[in-house]
Amino acid sequence: MTKNIDQLSVNALRVLSVDQVQQANSGHPGMPLGASPIAYTLWANHMNFDSKDSKWINRDRFVLSAGHASALYYSLLHLFGFDVTIEDLKNFRQFDSRTPGHPEYGHTDGVEATTGPLGAGLSNAVGMAMAQEHLAAKYNREGFDIIDNYTYVLSGDGCMMEGITSEASSLAGTLNLGRFIVIYDSNNTTIEGHTDLAFHEDVRKRYEAYGFETFLVEDGNDLEAVNAAITKAKANLDKPSFIEVRTKIGFGSPVEDSNAAHGAPLGVEGVKALKDALNYPSHEAFHVPTEVYDHYKVLAEEGTQKHEAWNALFEKYRAAHPELATQWDKDFGEITEAELLADASLFEFDAADQSTRNVSGLMINRLKDKYTNLFGGSADLSSSNMTHMKDEASFSAKDYAGRNVHFGVREHAMAAVGNGLVLYGGLKAYVATFFVFADFLKPMARLSALSNLPLTYVLTHDSIGVGEDGPTHEPIEQLAMMRSIPNFITFRPADATETAYGWVKALSSTKTPVGLILSRQNLPQLENTGADALKGAYVVHDADKLDAILMASGSEVSLAIEAAKELATTGVGVRVLSVPSMELFEAQSAEYKESILPSTVEARVAVEAGTSIGWGRYVGLKGATVCLDHFGGSAPGGTLFKEFGFTVENVTKVVKSVL
């Protein structure tokens with residue numbers, strides 16, 4: 001009887017998934033049909049979760065890296081009792097439904113990560129596994145393993161091809177993440193056809209080289225074999241595990257083992273033929289036998305009981321380790337803007353010129369002792385990004401308690417791993433690289449924003465001030481690129497004070513990633529910078545009469561002030577706005593915007609060592625820009641600023657031209 005209910009439960013997953021795709025007339029039935037036995041075995045026999053409380057911190061994490069198989073995910077969530085109803089399944093891929101085309105974190109109960117771009121989910125999961133090891137090292141004590149969950153990934157052939165997967169898997173192997181388990185749905189099929197068209201490497205050997213223990217399940221329909229492989233993988237806590245499970249895409253359908261099964265509905269007759277082949281008890285769409293619902297309910301209740309047992313353990317932990325419990329509460333709470341602003345020591349700097357990257361490093365080290373959940377690092381550039389926490393160990397296979405993370409030269413995976421760190425909870429994570437390499441991490445920064453994850457990006461060497469490294473390392477268009485991402489805050493500070501407020505915004509953000517765009521070269525400390533930097537734009541130099549307005553960010557603010565002072569000697573009154581963040585400025589009231597940027601003053605000039613794209617809405621049709629709409633050059637930074645017109649002489653000339 002047990003085997004019969006198991007098989008019927010697997011087929012219910014298959015049928016619900018196919019019915020979703022058919023109802024929507026859109027979606028991917030192929031992987032759900034092949035991988036349902038894997039998903040069922042994992043969730044029924046191994047996953048610890050509580051469908052009544054999907055945010056239980058010690059739950060096992062399941063990440064569907066092959067996000068196109070979302071119908072399978074939603075079927076699992078529905079049958080196991082999460083807040084995903086049969087009506088939600090019927091609204092698959094419809095506007096404003098809780099079952100979008102690819103899984104979205106925060107949108108559907110039980111979904112752990114926003115996946116779709118292949119490899120992103122697996123890379124997020126590496127971050128989750130790192131967070132688990134770090135928090136376990138920080139909080140677990142003898143007799144109290146309060147953080148001991150596993151992180152599981154279900155991936156496909158496409159995930160294995162994407163470069164980000166290699167980056168993240170290499171890091172996972174280096175770190176010996178023993179509670180990280182990747183299950184590879186190996187069906188040798190992609191959209192264009194058989195994987196041999198472009199991919200025929202031995203993936204298991206590749207993962208052995210990364211440092212994983214690997215397993216092979218020859219028949220993905222063999223529930224016992226799948227179960228045995230997962231059991232063995234869980235037992236090895238010394239290294240991550242990789243399980244290749246060979247399946248047939250579109251199993252049981254008329255297009256089984258064909259790329260035709262990948263991304264199109266089976267059609268009415270195809271669905272009927274599938275249900276006949278599976279000996280499913282009904283042709284009715286979205287039919288689930290009562291005994292299947294009952295079976296899943298029993299399995300789900302076991303998870304709730306495990307959560308209740310954990311709650312009891314944690315109460316004993318509170319009594320035995322009250323100081324750790326207090327720290328736990330702080331780590332899993334929010335850092336408010338008010339408490340940061342109340343700490344005057346965060347805003348004390350001397351008058352010496354210094355780079356904003358250096359000030360950011362000072363801020364990290366001022367904050368690390370106050371907030372012990374600050375956790376992060378750089379893509380092999382910590383000494384250049386100034387992101388190293390002094391007197392803190394490195395996070396490594398030998399010391400998971402370390403707080404300095406070495407991501408290696410892996411910018412794309414670094415950002416995805418950073419997302420995973422935030423997704424896990426309990427950490428204030430940051431990642432860092434040169435700003436020009438935002439090109440490598442931008443897809444994952446986009447997912448940070450889409451997922452409402454407050455990951456901090458420390459992006460240094462922000463302009464042609466990089467100098468001798470030449471055009472390849474000088475960001476020109478990257479500011480416009482990052483500013484174009486919805487729900488992403490770019491913050492390019494002009495001096496030490498503004499840099500401190502940038503970190504205030506980053507640490508207090510709850511649903512928005514923040515990119516701190518920082519200089520390599522030293523900048524002067526300005527007289528009138530302050531808390532209004534949090535408004536995104538504000539007056540840092542004013543005039544008795546208002547003839548023109550100069551706007552600038554970062555290193556160009558001091559230049560704009562000097563130009564305004566020069567213009568004053570000729571009788572031209574110029575206001576200077578520091579604009580560290582266009583996004584924060586756009587969030588201000590119309591009254592505030594008008595107060596500092598009055599519509600009656602049409603003589604406006606923006607000064608920024610990057611592309612002029614984005615400044616048009618502020619300078620207007622009668623204004624002008626002193627920007628860079630071409631690539632940089634290889635020479636000392638000071639030389640390049642002069643050659644490309646970032647001088648008092650040129651800025652004053654441009655202002656006069658618009659008067």
# chains A, B, ... in the order shown; residues from 1 in each chain; ligands from 1
$ residues_around --residues "Gly30 of chain A" --least-positions-apart "3" --cutoff "6 Å" --atoms "only C-alpha atoms" --output "ChimeraX atom specification"
/A:33,249-250,261-262
$ residues_around --residues "Ala35 of chain A" --least-positions-apart "5" --cutoff "8 Å" --atoms "only C-alpha atoms" --output "PDB file with C-alpha atoms, in the first residue's frame"
ATOM      1  CA  ASP A 185      17.832  16.406 -13.133  1.00  0.00           C
ATOM      2  CA  GLY A 220      14.823   8.826 -11.847  1.00  0.00           C
ATOM      3  CA  THR A 247      15.326  11.197 -16.050  1.00  0.00           C
TER       4      THR A 247
END
$ residues_around --residues "Arg483 of chain A" --least-positions-apart "6" --cutoff "12 Å" --atoms "only C-alpha atoms" --output "PyMOL selection string"
chain A and resi 438+442+445-446+449+477+489-492+513-517+580-584+586+611+613-615
$ write_last_selection --atoms "N, CA, C and O atoms" --output "mmCIF file, in the first residue's frame"
data_model
loop_
_atom_site.group_PDB
_atom_site.id
_atom_site.type_symbol
_atom_site.label_atom_id
_atom_site.label_comp_id
_atom_site.auth_asym_id
_atom_site.auth_seq_id
_atom_site.Cartn_x
_atom_site.Cartn_y
_atom_site.Cartn_z
ATOM 1 N N ALA A 438 30.730 45.829 -12.133
ATOM 2 C CA ALA A 438 29.279 45.708 -11.952
ATOM 3 C C ALA A 438 28.658 45.057 -13.188
ATOM 4 O O ALA A 438 27.584 44.462 -13.101
ATOM 5 N N LYS A 442 25.705 42.488 -12.515
ATOM 6 C CA LYS A 442 24.427 43.187 -12.696
ATOM 7 C C LYS A 442 23.213 42.245 -12.726
ATOM 8 O O LYS A 442 22.175 42.575 -12.129
ATOM 9 N N ALA A 445 22.394 41.623 -9.219
ATOM 10 C CA ALA A 445 21.931 42.854 -8.562
ATOM 11 C C ALA A 445 20.472 43.106 -8.929
ATOM 12 O O ALA A 445 19.676 43.570 -8.108
ATOM 13 N N ARG A 446 20.133 42.805 -10.163
ATOM 14 C CA ARG A 446 18.739 42.936 -10.600
ATOM 15 C C ARG A 446 17.827 42.016 -9.780
ATOM 16 O O ARG A 446 16.727 42.408 -9.366
ATOM 17 N N ALA A 449 17.167 43.377 -6.335
ATOM 18 C CA ALA A 449 16.109 44.384 -6.364
ATOM 19 C C ALA A 449 14.739 43.752 -6.551
ATOM 20 O O ALA A 449 13.773 44.105 -5.862
ATOM 21 N N GLU A 477 29.552 53.981 -18.214
ATOM 22 C CA GLU A 477 28.106 53.775 -18.343
ATOM 23 C C GLU A 477 27.496 53.049 -17.151
ATOM 24 O O GLU A 477 26.271 52.876 -17.078
ATOM 25 N N ILE A 489 19.077 51.290 -4.971
ATOM 26 C CA ILE A 489 19.570 52.619 -4.611
ATOM 27 C C ILE A 489 21.056 52.711 -4.922
ATOM 28 O O ILE A 489 21.865 51.962 -4.367
ATOM 29 N N THR A 490 21.415 53.605 -5.837
ATOM 30 C CA THR A 490 22.826 53.933 -6.034
ATOM 31 C C THR A 490 23.147 55.151 -5.178
ATOM 32 O O THR A 490 22.357 56.095 -5.105
ATOM 33 N N PHE A 491 24.303 55.111 -4.536
ATOM 34 C CA PHE A 491 24.672 56.196 -3.621
ATOM 35 C C PHE A 491 26.145 56.505 -3.852
ATOM 36 O O PHE A 491 27.023 55.733 -3.477
ATOM 37 N N ARG A 492 26.410 57.665 -4.487
ATOM 38 C CA ARG A 492 27.785 58.060 -4.808
ATOM 39 C C ARG A 492 28.155 59.273 -3.952
ATOM 40 O O ARG A 492 27.851 60.415 -4.295
ATOM 41 N N PRO A 513 18.226 46.834 -2.151
ATOM 42 C CA PRO A 513 19.688 46.796 -2.164
ATOM 43 C C PRO A 513 20.258 48.189 -2.379
ATOM 44 O O PRO A 513 19.632 49.046 -2.998
ATOM 45 N N VAL A 514 21.449 48.407 -1.832
ATOM 46 C CA VAL A 514 22.114 49.711 -1.926
ATOM 47 C C VAL A 514 23.501 49.507 -2.513
ATOM 48 O O VAL A 514 24.273 48.670 -2.031
ATOM 49 N N GLY A 515 23.826 50.285 -3.540
ATOM 50 C CA GLY A 515 25.156 50.275 -4.112
ATOM 51 C C GLY A 515 25.908 51.522 -3.693
ATOM 52 O O GLY A 515 25.494 52.642 -4.018
ATOM 53 N N LEU A 516 26.989 51.352 -2.943
ATOM 54 C CA LEU A 516 27.839 52.468 -2.539
ATOM 55 C C LEU A 516 28.937 52.623 -3.584
ATOM 56 O O LEU A 516 29.788 51.741 -3.749
ATOM 57 N N ILE A 517 28.906 53.736 -4.304
ATOM 58 C CA ILE A 517 29.798 53.960 -5.437
ATOM 59 C C ILE A 517 30.928 54.878 -4.964
ATOM 60 O O ILE A 517 30.704 56.070 -4.728
ATOM 61 N N PRO A 580 23.906 62.554 -4.316
ATOM 62 C CA PRO A 580 24.480 61.220 -4.142
ATOM 63 C C PRO A 580 23.585 60.102 -4.640
ATOM 64 O O PRO A 580 24.061 59.045 -5.053
ATOM 65 N N SER A 581 22.252 60.337 -4.646
ATOM 66 C CA SER A 581 21.339 59.266 -5.040
ATOM 67 C C SER A 581 20.104 59.811 -5.740
ATOM 68 O O SER A 581 19.245 60.437 -5.116
ATOM 69 N N MET A 582 19.994 59.561 -7.022
ATOM 70 C CA MET A 582 18.806 59.971 -7.764
ATOM 71 C C MET A 582 17.566 59.255 -7.251
ATOM 72 O O MET A 582 16.467 59.818 -7.216
ATOM 73 N N GLU A 583 17.724 57.985 -6.837
ATOM 74 C CA GLU A 583 16.567 57.205 -6.381
ATOM 75 C C GLU A 583 15.981 57.798 -5.103
ATOM 76 O O GLU A 583 14.756 57.914 -4.961
ATOM 77 N N LEU A 584 16.858 58.178 -4.174
ATOM 78 C CA LEU A 584 16.366 58.789 -2.932
ATOM 79 C C LEU A 584 15.747 60.148 -3.207
ATOM 80 O O LEU A 584 14.748 60.526 -2.573
ATOM 81 N N GLU A 586 14.209 61.042 -5.973
ATOM 82 C CA GLU A 586 12.906 60.817 -6.604
ATOM 83 C C GLU A 586 11.836 60.443 -5.587
ATOM 84 O O GLU A 586 10.648 60.632 -5.831
ATOM 85 N N THR A 611 28.539 58.714 -18.014
ATOM 86 C CA THR A 611 27.643 59.065 -19.104
ATOM 87 C C THR A 611 26.584 60.083 -18.667
ATOM 88 O O THR A 611 26.158 60.107 -17.506
ATOM 89 N N ILE A 613 23.594 60.070 -19.623
ATOM 90 C CA ILE A 613 22.269 59.437 -19.596
ATOM 91 C C ILE A 613 21.710 59.468 -18.176
ATOM 92 O O ILE A 613 22.369 59.075 -17.219
ATOM 93 N N GLY A 614 20.484 59.960 -18.035
ATOM 94 C CA GLY A 614 19.826 60.045 -16.735
ATOM 95 C C GLY A 614 19.746 61.449 -16.178
ATOM 96 O O GLY A 614 18.888 61.746 -15.345
ATOM 97 N N TRP A 615 20.642 62.329 -16.639
ATOM 98 C CA TRP A 615 20.640 63.696 -16.124
ATOM 99 C C TRP A 615 19.654 64.608 -16.841
ATOM 100 O O TRP A 615 19.350 65.698 -16.365
#
$ select_by_dssp --residues "segment 226-289 of chain A" --states "strand (DSSP E)" --output "list of chain:residue names"
A:Ser241, A:Phe242, A:Ile243, A:Glu244, A:Val245, A:Arg246
$ select_by_dssp --residues "segment 324-482 of chain A" --states "helix (DSSP H, G or I)" --output "PyMOL selection string"
chain A and resi 324-331+337-341+344-347+356-367+382-385+411-424+435-450+464-469+471-473+478-482
$ residues_around --residues "Arg403 of chain A" --least-positions-apart "5" --cutoff "6 Å" --atoms "only C-alpha atoms" --output "VMD selection string"
chain A and resid 375 394 to 395
$ write_last_selection --atoms "C-alpha atoms" --output "mmCIF file, in the first residue's frame"
data_model
loop_
_atom_site.group_PDB
_atom_site.id
_atom_site.type_symbol
_atom_site.label_atom_id
_atom_site.label_comp_id
_atom_site.auth_asym_id
_atom_site.auth_seq_id
_atom_site.Cartn_x
_atom_site.Cartn_y
_atom_site.Cartn_z
ATOM 1 C CA PHE A 375 29.264 39.608 7.193
ATOM 2 C CA SER A 394 38.301 34.697 7.447
ATOM 3 C CA PHE A 395 35.241 32.560 6.783
#
$ closest_residue --among "A:Phe80, A:Leu628, A:Leu507, A:Ala500" --to "Ile335 of chain A" --atoms "only C-alpha atoms"
A:Leu507
$ residues_around --residues "segment 359-361 of chain A" --least-positions-apart "3" --cutoff "7 Å" --atoms "only C-alpha atoms" --output "list in words"
Ser355, Thr356, Ile364, Asn365, Met386, Thr387, Ala496 and Thr499 of chain A
$ closest_residue --among "A:Glu337, A:Glu594, A:Gly127, A:Arg93" --to "Val405 of chain A" --atoms "only C-alpha atoms"
A:Gly127
$ atom_distance --atom1 "atom CA of Leu118 of chain A" --atom2 "atom CA of His102 of chain A"
11.1 Å
$ residues_around --residues "segment 534-539 of chain A" --least-positions-apart "2" --cutoff "9 Å" --atoms "only C-alpha atoms" --output "number ranges by chain"
A: 491, 498, 501-502, 504-505, 528-532, 541-542, 551, 575-588, 593, 596
$ residues_around --residues "Phe144 of chain A" --least-positions-apart "3" --cutoff "9 Å" --atoms "only C-alpha atoms" --output "VMD selection string"
chain A and resid 139 to 141 147 313 to 314 316 to 317
